[in-house]
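**Student:** For reference, this is upload.cif, and it has mmCIF, C-alpha atoms.
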data_coords
loop_
_atom_site.label_atom_id
_atom_site.label_comp_id
_atom_site.auth_asym_id
_atom_site.auth_seq_id
_atom_site.Cartn_x
_atom_site.Cartn_y
_atom_site.Cartn_z
CA MET A 1 -36.11 -9.99 -71.56
CA GLN A 2 -34.62 -6.52 -71.24
CA GLU A 3 -31.04 -5.69 -72.21
CA ILE A 4 -29.67 -2.44 -70.81
CA LYS A 5 -26.41 -0.92 -71.96
CA ILE A 6 -24.85 1.33 -69.34
CA SER A 7 -24.21 4.78 -70.77
CA LYS A 8 -21.68 7.30 -69.51
CA ASP A 9 -24.31 9.17 -67.51
CA MET A 10 -25.22 6.01 -65.57
CA GLU A 11 -21.73 4.75 -64.71
CA GLY A 12 -20.12 5.08 -61.31
CA GLN A 13 -22.85 3.33 -59.30
CA ARG A 14 -23.02 -0.20 -58.00
CA LEU A 15 -25.18 -2.76 -59.72
CA ASN A 16 -27.52 -3.20 -56.74
CA LYS A 17 -28.15 0.57 -56.59
CA PHE A 18 -28.85 0.64 -60.31
CA LEU A 19 -31.28 -2.26 -60.07
CA GLY A 20 -32.97 -0.62 -57.09
CA LYS A 21 -33.75 2.36 -59.34
CA TYR A 22 -34.81 0.24 -62.30
CA LEU A 23 -37.04 -2.06 -60.24
CA ASP A 24 -38.01 0.68 -57.80
CA ALA A 25 -41.12 -1.11 -56.50
CA ALA A 26 -39.28 -4.36 -55.78
CA PRO A 27 -37.84 -5.23 -52.36
CA SER A 28 -34.08 -5.66 -52.26
CA SER A 29 -34.58 -9.32 -51.29
CA PHE A 30 -36.30 -9.91 -54.65
CA ILE A 31 -33.44 -8.24 -56.55
CA TYR A 32 -30.82 -10.38 -54.79
CA LYS A 33 -32.91 -13.48 -55.42
CA MET A 34 -32.97 -12.67 -59.14
CA LEU A 35 -29.19 -12.22 -59.08
CA ARG A 36 -28.66 -15.56 -57.33
CA LYS A 37 -30.91 -17.33 -59.84
CA LYS A 38 -29.10 -15.62 -62.75
CA ASN A 39 -32.34 -13.97 -63.86
CA ILE A 40 -30.28 -10.83 -63.84
CA LYS A 41 -26.80 -10.97 -65.38
CA TRP A 42 -23.95 -8.49 -65.63
CA ASN A 43 -21.91 -8.68 -68.82
CA GLY A 44 -23.26 -12.16 -69.49
CA LYS A 45 -22.32 -13.66 -66.14
CA LYS A 46 -23.62 -14.08 -62.61
CA ALA A 47 -23.28 -10.99 -60.43
CA GLU A 48 -23.21 -10.37 -56.69
CA GLY A 49 -24.68 -6.86 -56.85
CA ASN A 50 -21.67 -4.92 -55.61
CA GLU A 51 -20.06 -4.58 -59.05
CA LEU A 52 -19.20 -0.99 -60.03
CA LEU A 53 -20.79 -0.13 -63.35
CA VAL A 54 -18.87 1.50 -66.19
CA ALA A 55 -20.02 2.74 -69.58
CA GLY A 56 -20.51 -0.18 -71.97
CA ASP A 57 -21.58 -2.75 -69.36
CA ILE A 58 -24.55 -4.88 -70.35
CA ILE A 59 -27.30 -5.77 -67.88
CA ASN A 60 -29.68 -8.54 -68.94
CA ILE A 61 -32.96 -8.90 -67.03
CA TYR A 62 -34.66 -12.20 -67.89
CA MET A 63 -38.25 -11.22 -67.09
CA THR A 64 -41.25 -10.47 -69.25
CA ASP A 65 -42.28 -6.85 -69.75
CA ASP A 66 -45.43 -7.53 -67.73
CA THR A 67 -43.34 -8.76 -64.80
CA ILE A 68 -41.03 -5.77 -64.98
CA THR A 69 -43.95 -3.33 -64.94
CA LYS A 70 -45.20 -4.92 -61.70
CA PHE A 71 -41.92 -4.05 -60.03
CA ARG A 72 -41.79 -0.45 -61.27
CA LYS A 73 -43.67 2.38 -59.58
CA ASP A 74 -44.54 4.07 -62.88
CA GLY A 75 -45.80 0.79 -64.38
CA CYS A 76 -43.61 1.32 -67.45
CA VAL A 77 -40.70 -0.46 -69.06
CA PRO A 78 -38.13 2.18 -70.02
CA GLY A 79 -37.79 2.42 -73.78
CA VAL A 80 -40.83 0.19 -74.42
CA ASN A 81 -44.11 1.69 -73.25
CA GLN A 82 -43.30 5.25 -72.27
CA GLU A 83 -45.37 7.95 -73.88
CA SER A 84 -43.61 11.05 -75.22
CA ASP A 85 -46.57 12.95 -76.66
CA ASP A 86 -46.94 15.09 -73.54
CA ILE A 87 -43.31 16.22 -73.38
CA LYS A 88 -43.34 20.00 -73.55
CA GLN A 89 -40.84 22.20 -75.34
CA PRO A 90 -37.98 22.19 -72.86
CA LEU A 91 -35.70 25.17 -72.27
CA LYS A 92 -37.42 27.12 -75.05
CA ASN A 93 -36.60 30.51 -73.52
CA ILE A 94 -33.84 29.49 -71.10
CA PRO A 95 -30.34 30.58 -72.22
CA ILE A 96 -27.74 27.79 -72.02
CA ILE A 97 -24.40 29.08 -70.70
CA TYR A 98 -22.47 25.81 -70.84
CA GLU A 99 -23.25 22.23 -71.77
CA SER A 100 -21.34 18.95 -71.62
CA GLU A 101 -22.20 15.29 -71.15
CA ASP A 102 -22.04 15.78 -67.39
CA VAL A 103 -23.12 19.37 -66.71
CA LEU A 104 -25.70 21.89 -67.87
CA ILE A 105 -25.44 25.53 -66.77
CA LEU A 106 -28.41 27.80 -67.43
CA ASN A 107 -29.38 31.45 -67.00
CA LYS A 108 -32.75 31.23 -65.23
CA PRO A 109 -35.17 34.06 -66.00
CA VAL A 110 -37.29 35.78 -63.38
CA GLY A 111 -40.63 34.05 -62.79
CA VAL A 112 -39.39 30.49 -63.37
CA LEU A 113 -39.36 28.04 -60.48
CA SER A 114 -36.14 26.12 -59.90
CA GLN A 115 -38.17 23.16 -58.60
CA LYS A 116 -41.91 22.61 -58.47
CA ALA A 117 -43.89 23.97 -55.55
CA GLN A 118 -47.16 22.33 -56.61
CA PRO A 119 -47.68 18.97 -58.37
CA SER A 120 -48.94 20.78 -61.48
CA ASP A 121 -45.90 23.09 -61.77
CA TYR A 122 -43.63 22.77 -64.80
CA SER A 123 -40.42 24.00 -63.20
CA LEU A 124 -36.91 24.34 -64.55
CA ASN A 125 -36.16 20.91 -63.11
CA GLU A 126 -38.84 19.27 -65.28
CA MET A 127 -37.67 21.26 -68.31
CA ILE A 128 -34.16 19.89 -67.81
CA VAL A 129 -35.46 16.32 -67.55
CA ASP A 130 -37.40 16.71 -70.82
CA TYR A 131 -34.42 18.36 -72.50
CA TYR A 132 -32.20 15.48 -71.38
CA ARG A 133 -34.58 12.91 -72.83
CA MET A 134 -34.72 14.73 -76.15
CA ARG A 135 -30.95 15.21 -76.24
CA LYS A 136 -30.21 11.57 -75.47
CA GLU A 137 -32.87 10.36 -77.92
CA GLN A 138 -33.30 7.30 -75.74
CA SER A 139 -34.70 6.24 -72.42
CA SER A 140 -32.36 6.31 -69.46
CA LEU A 141 -32.68 5.37 -65.84
CA PHE A 142 -30.70 8.44 -64.86
CA THR A 143 -32.80 11.51 -64.08
CA PRO A 144 -31.01 14.87 -64.18
CA SER A 145 -31.84 17.57 -61.67
CA VAL A 146 -30.86 21.06 -60.58
CA CYS A 147 -28.05 21.19 -58.01
CA ASN A 148 -28.70 24.69 -56.68
CA ARG A 149 -31.86 26.74 -56.24
CA LEU A 150 -32.82 30.32 -56.85
CA ASP A 151 -36.00 32.05 -55.71
CA ARG A 152 -38.71 32.34 -58.36
CA ASN A 153 -37.99 36.06 -58.79
CA THR A 154 -34.19 35.80 -58.67
CA SER A 155 -32.51 35.35 -62.03
CA GLY A 156 -29.16 33.86 -62.97
CA ILE A 157 -26.98 30.77 -62.90
CA ILE A 158 -28.51 27.36 -62.25
CA LEU A 159 -26.42 24.17 -62.27
CA ALA A 160 -27.73 20.76 -63.30
CA GLY A 161 -26.05 17.38 -63.25
CA MET A 162 -26.63 15.59 -66.57
CA SER A 163 -24.94 12.37 -65.47
CA LEU A 164 -24.44 10.57 -62.19
CA LYS A 165 -20.81 11.70 -62.15
CA GLY A 166 -21.76 15.30 -62.93
CA SER A 167 -24.41 15.36 -60.20
CA GLN A 168 -22.06 13.87 -57.62
CA VAL A 169 -19.18 16.26 -58.35
CA LEU A 170 -21.40 19.37 -58.45
CA SER A 171 -23.18 18.38 -55.24
CA LYS A 172 -19.84 17.76 -53.51
CA MET A 173 -18.49 21.15 -54.60
CA LEU A 174 -21.61 22.97 -53.44
CA LYS A 175 -21.69 21.12 -50.13
CA GLU A 176 -18.02 21.84 -49.44
CA ARG A 177 -18.52 25.46 -50.60
CA THR A 178 -15.58 25.34 -52.97
CA VAL A 179 -17.70 27.04 -55.65
CA GLU A 180 -17.50 30.83 -55.40
CA LYS A 181 -20.91 32.38 -56.10
CA SER A 182 -21.41 36.08 -56.71
CA TYR A 183 -24.55 38.10 -57.37
CA LEU A 184 -25.34 41.54 -58.74
CA THR A 185 -28.04 43.62 -57.11
CA ILE A 186 -29.24 47.20 -56.70
CA VAL A 187 -29.94 48.35 -53.15
CA CYS A 188 -31.42 51.42 -51.52
CA GLY A 189 -28.97 53.92 -50.04
CA LYS A 190 -25.29 54.58 -50.58
CA VAL A 191 -22.86 51.80 -49.70
CA LYS A 192 -19.46 53.43 -49.27
CA GLU A 193 -17.10 50.48 -48.90
CA ALA A 194 -16.73 46.74 -49.21
CA SER A 195 -17.53 44.68 -46.13
CA THR A 196 -18.25 41.20 -44.82
CA ILE A 197 -21.28 40.88 -42.59
CA LYS A 198 -22.24 38.02 -40.30
CA GLY A 199 -25.39 37.15 -38.44
CA PHE A 200 -27.90 34.48 -37.48
CA LEU A 201 -30.94 33.73 -39.60
CA THR A 202 -34.21 32.22 -38.41
CA LYS A 203 -37.42 31.41 -40.25
CA LYS A 204 -40.70 32.99 -39.24
CA LYS A 205 -43.29 30.48 -38.16
CA ASN A 206 -46.04 29.97 -40.74
CA HIS A 207 -44.40 32.51 -43.07
CA ASN A 208 -42.09 32.14 -46.06
CA GLN A 209 -39.86 34.80 -44.61
CA VAL A 210 -36.71 34.97 -42.49
CA VAL A 211 -35.32 37.29 -39.82
CA VAL A 212 -31.65 38.18 -39.30
CA PHE A 213 -30.14 38.81 -35.86
CA SER A 214 -26.69 40.17 -35.12
CA SER A 215 -26.02 37.68 -32.32
CA LEU A 216 -26.91 34.09 -31.49
CA GLU A 217 -28.38 35.17 -28.15
CA GLU A 218 -30.86 37.52 -29.85
CA ALA A 219 -31.84 34.81 -32.33
CA LYS A 220 -32.45 32.27 -29.56
CA LYS A 221 -34.56 34.73 -27.57
CA ALA A 222 -36.81 35.28 -30.60
CA GLY A 223 -37.56 31.55 -30.54
CA THR A 224 -38.83 31.45 -34.12
CA ASP A 225 -36.68 28.65 -35.47
CA LYS A 226 -33.23 27.08 -35.20
CA PRO A 227 -30.76 29.93 -35.82
CA ALA A 228 -28.39 29.40 -38.74
CA PHE A 229 -25.09 31.26 -39.03
CA ILE A 230 -24.82 33.35 -42.20
CA GLU A 231 -21.98 35.28 -43.79
CA THR A 232 -22.23 37.63 -46.76
CA ARG A 233 -19.57 39.72 -48.47
CA TYR A 234 -20.33 42.70 -50.69
CA GLU A 235 -18.55 45.37 -52.67
CA PRO A 236 -20.04 48.56 -54.15
CA ILE A 237 -19.60 48.98 -57.90
CA ALA A 238 -21.41 52.30 -58.38
CA SER A 239 -23.59 54.73 -56.43
CA ASP A 240 -25.85 57.47 -57.78
CA MET A 241 -28.96 59.54 -57.21
CA TYR A 242 -32.30 58.93 -58.87
CA GLU A 243 -35.33 61.11 -58.18
CA GLY A 244 -33.70 62.47 -55.02
CA LEU A 245 -32.74 59.11 -53.52
CA GLU A 246 -29.43 57.25 -53.47
CA TYR A 247 -28.91 53.74 -54.83
CA THR A 248 -25.91 51.41 -55.02
CA LEU A 249 -25.03 48.68 -57.49
CA LEU A 250 -23.49 45.88 -55.43
CA ARG A 251 -21.60 42.71 -56.12
CA VAL A 252 -22.38 40.18 -53.41
CA TRP A 253 -20.66 36.91 -52.51
CA LEU A 254 -22.39 34.14 -50.60
CA ILE A 255 -20.02 32.68 -48.02
CA THR A 256 -22.86 30.59 -46.61
CA GLY A 257 -26.07 29.86 -48.49
CA LYS A 258 -29.39 30.02 -46.67
CA THR A 259 -32.97 30.82 -47.67
CA HIS A 260 -33.35 34.51 -48.63
CA GLN A 261 -29.90 35.17 -47.15
CA ILE A 262 -28.82 38.04 -49.40
CA ARG A 263 -32.22 39.74 -49.37
CA ALA A 264 -32.68 39.56 -45.60
CA HIS A 265 -29.05 40.27 -44.71
CA LEU A 266 -28.85 43.45 -46.79
CA CYS A 267 -32.20 44.60 -45.43
CA SER A 268 -30.93 44.07 -41.87
CA ILE A 269 -28.13 46.62 -42.42
CA GLY A 270 -30.44 49.21 -43.95
CA HIS A 271 -29.85 48.49 -47.64
CA PRO A 272 -32.85 46.51 -48.91
CA ILE A 273 -32.85 45.29 -52.49
CA VAL A 274 -35.00 47.38 -54.81
CA GLY A 275 -38.18 45.68 -55.95
CA ASP A 276 -38.12 43.17 -53.10
CA GLY A 277 -41.71 42.62 -51.97
CA LYS A 278 -40.77 40.75 -48.76
CA TYR A 279 -37.82 42.69 -47.40
CA GLY A 280 -37.80 45.87 -49.47
CA ASN A 281 -38.86 49.50 -48.98
CA LYS A 282 -42.48 49.73 -50.12
CA PRO A 283 -42.58 53.45 -51.07
CA ILE A 284 -39.40 53.06 -53.13
CA ASN A 285 -40.68 49.87 -54.73
CA ASP A 286 -43.94 51.64 -55.63
CA ARG A 287 -42.01 54.45 -57.29
CA LEU A 288 -39.84 52.06 -59.33
CA ARG A 289 -42.89 50.02 -60.28
CA LYS A 290 -44.43 53.19 -61.67
CA ASP A 291 -41.27 54.31 -63.49
CA PHE A 292 -40.03 50.93 -64.78
CA SER A 293 -42.95 48.49 -64.30
CA LEU A 294 -40.66 46.67 -61.87
CA LYS A 295 -42.52 43.90 -60.02
CA HIS A 296 -39.68 41.83 -58.56
CA GLN A 297 -36.36 42.15 -56.76
CA LEU A 298 -33.27 43.04 -58.78
CA LEU A 299 -31.08 40.16 -57.68
CA HIS A 300 -29.10 38.19 -60.25
CA ALA A 301 -26.81 35.17 -59.73
CA TYR A 302 -24.09 36.57 -61.96
CA GLU A 303 -20.98 34.41 -61.71
CA MET A 304 -19.70 31.04 -60.50
CA GLN A 305 -16.09 29.92 -60.27
CA PHE A 306 -15.23 26.23 -59.98
CA PRO A 307 -11.88 25.12 -58.58
CA ARG A 308 -10.26 22.30 -60.48
CA LYS A 309 -9.19 19.57 -58.08
CA LYS A 310 -6.97 16.94 -59.66
CA GLU A 311 -8.44 14.20 -57.48
CA GLU A 312 -11.99 14.88 -58.75
CA PRO A 313 -13.39 13.47 -62.01
CA MET A 314 -13.34 15.89 -64.92
CA ILE A 315 -16.82 17.24 -65.67
CA MET A 316 -15.88 20.37 -67.61
CA ASP A 317 -13.29 21.43 -70.13
CA GLU A 318 -9.62 20.80 -69.42
CA ILE A 319 -9.07 23.96 -67.42
CA GLU A 320 -7.77 24.69 -63.96
CA LEU A 321 -10.51 27.16 -63.08
CA ALA A 322 -13.90 27.29 -64.79
CA ARG A 323 -15.65 30.67 -64.59
CA PHE A 324 -19.16 31.20 -65.91
CA GLN A 325 -21.20 34.39 -66.09
CA ALA A 326 -24.90 34.93 -66.77
CA GLU A 327 -26.00 38.02 -68.68
CA LEU A 328 -28.24 40.44 -66.81
CA PRO A 329 -31.93 40.37 -67.75
CA GLU A 330 -33.31 43.30 -69.74
CA GLU A 331 -35.32 44.80 -66.86
CA PHE A 332 -32.25 44.80 -64.61
CA CYS A 333 -30.21 46.54 -67.34
CA LEU A 334 -32.94 49.13 -67.88
CA VAL A 335 -33.06 50.19 -64.21
CA LYS A 336 -29.27 50.04 -63.92
CA GLU A 337 -28.72 52.28 -66.95
CA GLN A 338 -31.29 54.85 -65.77
CA ILE A 339 -30.04 55.09 -62.19
CA PHE A 340 -26.28 54.86 -62.75
CA LYS A 341 -25.89 57.23 -65.66
CA LYS A 342 -22.34 57.92 -66.77
CA LYS A 343 -21.14 61.41 -66.00
CA ASP A 344 -18.74 63.28 -68.27
#
Output the file's structure as structure tokens, nothing else.
**Tutor:**
Amino acid sequence: MQEIKISKDMEGQRLNKFLGKYLDAAPSSFIYKMLRKKNIKWNGKKAEGNELLVAGDIINIYMTDDTITKFRKDGCVPGVNQESDDIKQPLKNIPIIYESEDVLILNKPVGVLSQKAQPSDYSLNEMIVDYYRMRKEQSSLFTPSVCNRLDRNTSGIILAGMSLKGSQVLSKMLKERTVEKSYLTIVCGKVKEASTIKGFLTKKKNHNQVVVFSSLEEAKKAGTDKPAFIETRYEPIASDMYEGLEYTLLRVWLITGKTHQIRAHLCSIGHPIVGDGKYGNKPINDRLRKDFSLKHQLLHAYEMQFPRKKEEPMIMDEIELARFQAELPEEFCLVKEQIFKKKD
């Protein structure tokens, strides 16, 4: 027999959904049969399956461990026969910006995958799962995950839901675009004034690259992929000369969020991001690689602002507007300080 106490990070879901995750290799007909026969009880009594779980609820599953393993894809009984020897050191070099029971906000370094690209990858997502398991010091059926993605060579703020409630609220905010996201970047050329640019983005066939068109008609004629509308706002912070060429430090806001949007959109208006191997200026990148050993784009997810809606569950501190910033990486600071030198 297994007794499961519902923790705060697992509440908010219906009993049948919870059991579907616990016995993830069992058909729903089997789960409902076990409920009817009282082989599965909720708070000591018969359940229908549509009960909404809250922290403190007790689920009793009257099956042997061997039977439970047959109805789980991983062949394990949580908390009984899981091995922890292979858990790696999670978040060892990942700065934590904010942490609560429901939310984890990190400053992702360059070179770290948000989610795995190959089965053998140990991405930030897996690090968060291992960190969660160590922090909880117990097995849990909830699995945390990142809620937004950044390219491998883009640094900055990553959000993760550390409870079902946290994941649901973050995902809803991101989907509804009520979270304001801004980036810092250095681009080629002088940007004189703030502007909002719009366009249509399509993916190149058989390439991990996108193309931006100024109109929907142009995008459709190209026939590469379904055109997606994109909108980007930017504002120059500083402009200066370095080795005879002009550069601008920009703050950029994502109004929409598509693959490579900032990189491709800025390139399309003649201001590619420095260090960008896909959309950048190769001669300039070669020069900066020689001067600063720069091997990646200088694009950093710098700030996120979360609106506090009274109708939504609280997942952060008791504040009306949560604003989080991620410190710039050292290599970004080095290039920034050398190019945009203060003048007396």
**Student:** Enumerate, as a tab-separated table (two decimals) with C-alpha atoms, in the frame of the given file, the residues matched when the PyMOL selection byres ((chain A and resi 129) around 9) is run on the file above.
**Tutor:**
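Written file, expr-v5.tsv:
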chain	number	residue	atom	x	y	z
A	90	PRO	CA	-37.98	22.19	-72.86
A	124	LEU	CA	-36.91	24.34	-64.55
A	125	ASN	CA	-36.16	20.91	-63.11
A	126	GLU	CA	-38.84	19.27	-65.28
A	127	MET	CA	-37.67	21.26	-68.31
A	128	ILE	CA	-34.16	19.89	-67.81
A	130	ASP	CA	-37.40	16.71	-70.82
A	131	TYR	CA	-34.42	18.36	-72.50
A	132	TYR	CA	-32.20	15.48	-71.38
A	133	ARG	CA	-34.58	12.91	-72.83
A	134	MET	CA	-34.72	14.73	-76.15
A	143	THR	CA	-32.80	11.51	-64.08
A	144	PRO	CA	-31.01	14.87	-64.18
A	145	SER	CA	-31.84	17.57	-61.67
A	162	MET	CA	-26.63	15.59	-66.57
**Student:** Written as a ChimeraX atom specification, what is the full residue list that the PyMOL selection byres ((chain A and resi 257) around 10) yields on the file shown?
**Tutor:** /A:174-175,177,181,229-232,253-256,258-262
**Student:** Counting all atoms listed in the file, which residues in range 40-127 of chain A sit no more than 10 Å from range 4-21 of chain A? For each one, give the nearest pair of atoms and the distance in Å, sorted by chain then residue number, as a tab-separated table.
**Tutor:**
residue	atom	partner	partner_atom	distance
A:Ile40	CA	A:Leu19	CA	9.4
A:Trp42	CA	A:Leu15	CA	8.3
A:Asn43	CA	A:Lys5	CA	9.5
A:Ala47	CA	A:Leu15	CA	8.5
A:Glu48	CA	A:Asn16	CA	8.4
A:Gly49	CA	A:Asn16	CA	4.6
A:Asn50	CA	A:Arg14	CA	5.5
A:Glu51	CA	A:Arg14	CA	5.4
A:Leu52	CA	A:Arg14	CA	4.4
A:Leu53	CA	A:Glu11	CA	5.2
A:Val54	CA	A:Glu11	CA	4.6
A:Ala55	CA	A:Ser7	CA	4.8
A:Gly56	CA	A:Ile6	CA	5.3
A:Asp57	CA	A:Ile6	CA	5.2
A:Ile58	CA	A:Lys5	CA	4.7
A:Ile59	CA	A:Ile4	CA	5.0
A:Asn60	CA	A:Ile4	CA	6.4
A:Ile61	CA	A:Ile4	CA	8.2
A:Arg72	CA	A:Lys21	CA	8.7
A:Lys73	CA	A:Lys21	CA	9.9
A:Pro78	CA	A:Ile4	CA	9.7
A:Gly79	CA	A:Ile4	CA	9.9
A:Glu101	CA	A:Asp9	CA	7.4
A:Asp102	CA	A:Asp9	CA	7.0
**Student:** Next, dump the selected residues to file, keeping only C-alpha atoms, as a compact mmCIF listing (two decimals), in the coordinates of the input.
**Tutor:**
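Here's the written file result36.txt:
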# COMPACT_ATOMS: atom_id res chain seq x y z
CA ILE A 40 -30.28 -10.83 -63.84
CA TRP A 42 -23.95 -8.49 -65.63
CA ASN A 43 -21.91 -8.68 -68.82
CA ALA A 47 -23.28 -10.99 -60.43
CA GLU A 48 -23.21 -10.37 -56.69
CA GLY A 49 -24.68 -6.86 -56.85
CA ASN A 50 -21.67 -4.92 -55.61
CA GLU A 51 -20.06 -4.58 -59.05
CA LEU A 52 -19.20 -0.99 -60.03
CA LEU A 53 -20.79 -0.13 -63.35
CA VAL A 54 -18.87 1.50 -66.19
CA ALA A 55 -20.02 2.74 -69.58
CA GLY A 56 -20.51 -0.18 -71.97
CA ASP A 57 -21.58 -2.75 -69.36
CA ILE A 58 -24.55 -4.88 -70.35
CA ILE A 59 -27.30 -5.77 -67.88
CA ASN A 60 -29.68 -8.54 -68.94
CA ILE A 61 -32.96 -8.90 -67.03
CA ARG A 72 -41.79 -0.45 -61.27
CA LYS A 73 -43.67 2.38 -59.58
CA PRO A 78 -38.13 2.18 -70.02
CA GLY A 79 -37.79 2.42 -73.78
CA GLU A 101 -22.20 15.29 -71.15
CA ASP A 102 -22.04 15.78 -67.39
**Student:** Got a sec: who's within 7 Å of range 62-66 of chain A, counting all atoms listed in the file, leaving out chain neighbours fewer than 2 positions off, as an MDAnalysis selection string?
**Tutor:** chainID A and resid 1:2 39:40 60 68:70 77
**Student:** I would like the residues chosen by the PyMOL selection byres ((chain A and resi 240) around 8) on the shown file; could you give them as JSON, numbers by chain?
**Tutor:** {"A": [190, 238, 239, 241, 242, 246, 247, 248, 339, 340, 341]}
**Student:** Box in all listed atoms of range 109-127 of chain A, axis-aligned, with 8 Å more on each side; write out centre and edge lengths in Å to one decimal as JSON.
**Tutor:**
{"center_x": -42.1, "center_y": 27.4, "center_z": -61.9, "size_x": 29.8, "size_y": 32.8, "size_z": 28.8}
**Student:** Please compute the CA of Leu23 in chain A-CA of Ala117 in chain A distance, one decimal, in Å.
**Tutor:**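 It comes out at 27.3 Å.
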**Student:** Any idea what the distance is between CA of Arg135 in chain A and CA of Ser163 in chain A?
**Tutor:**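 Separation between CA of Arg135 in chain A and CA of Ser163 in chain A: 12.7 Å.
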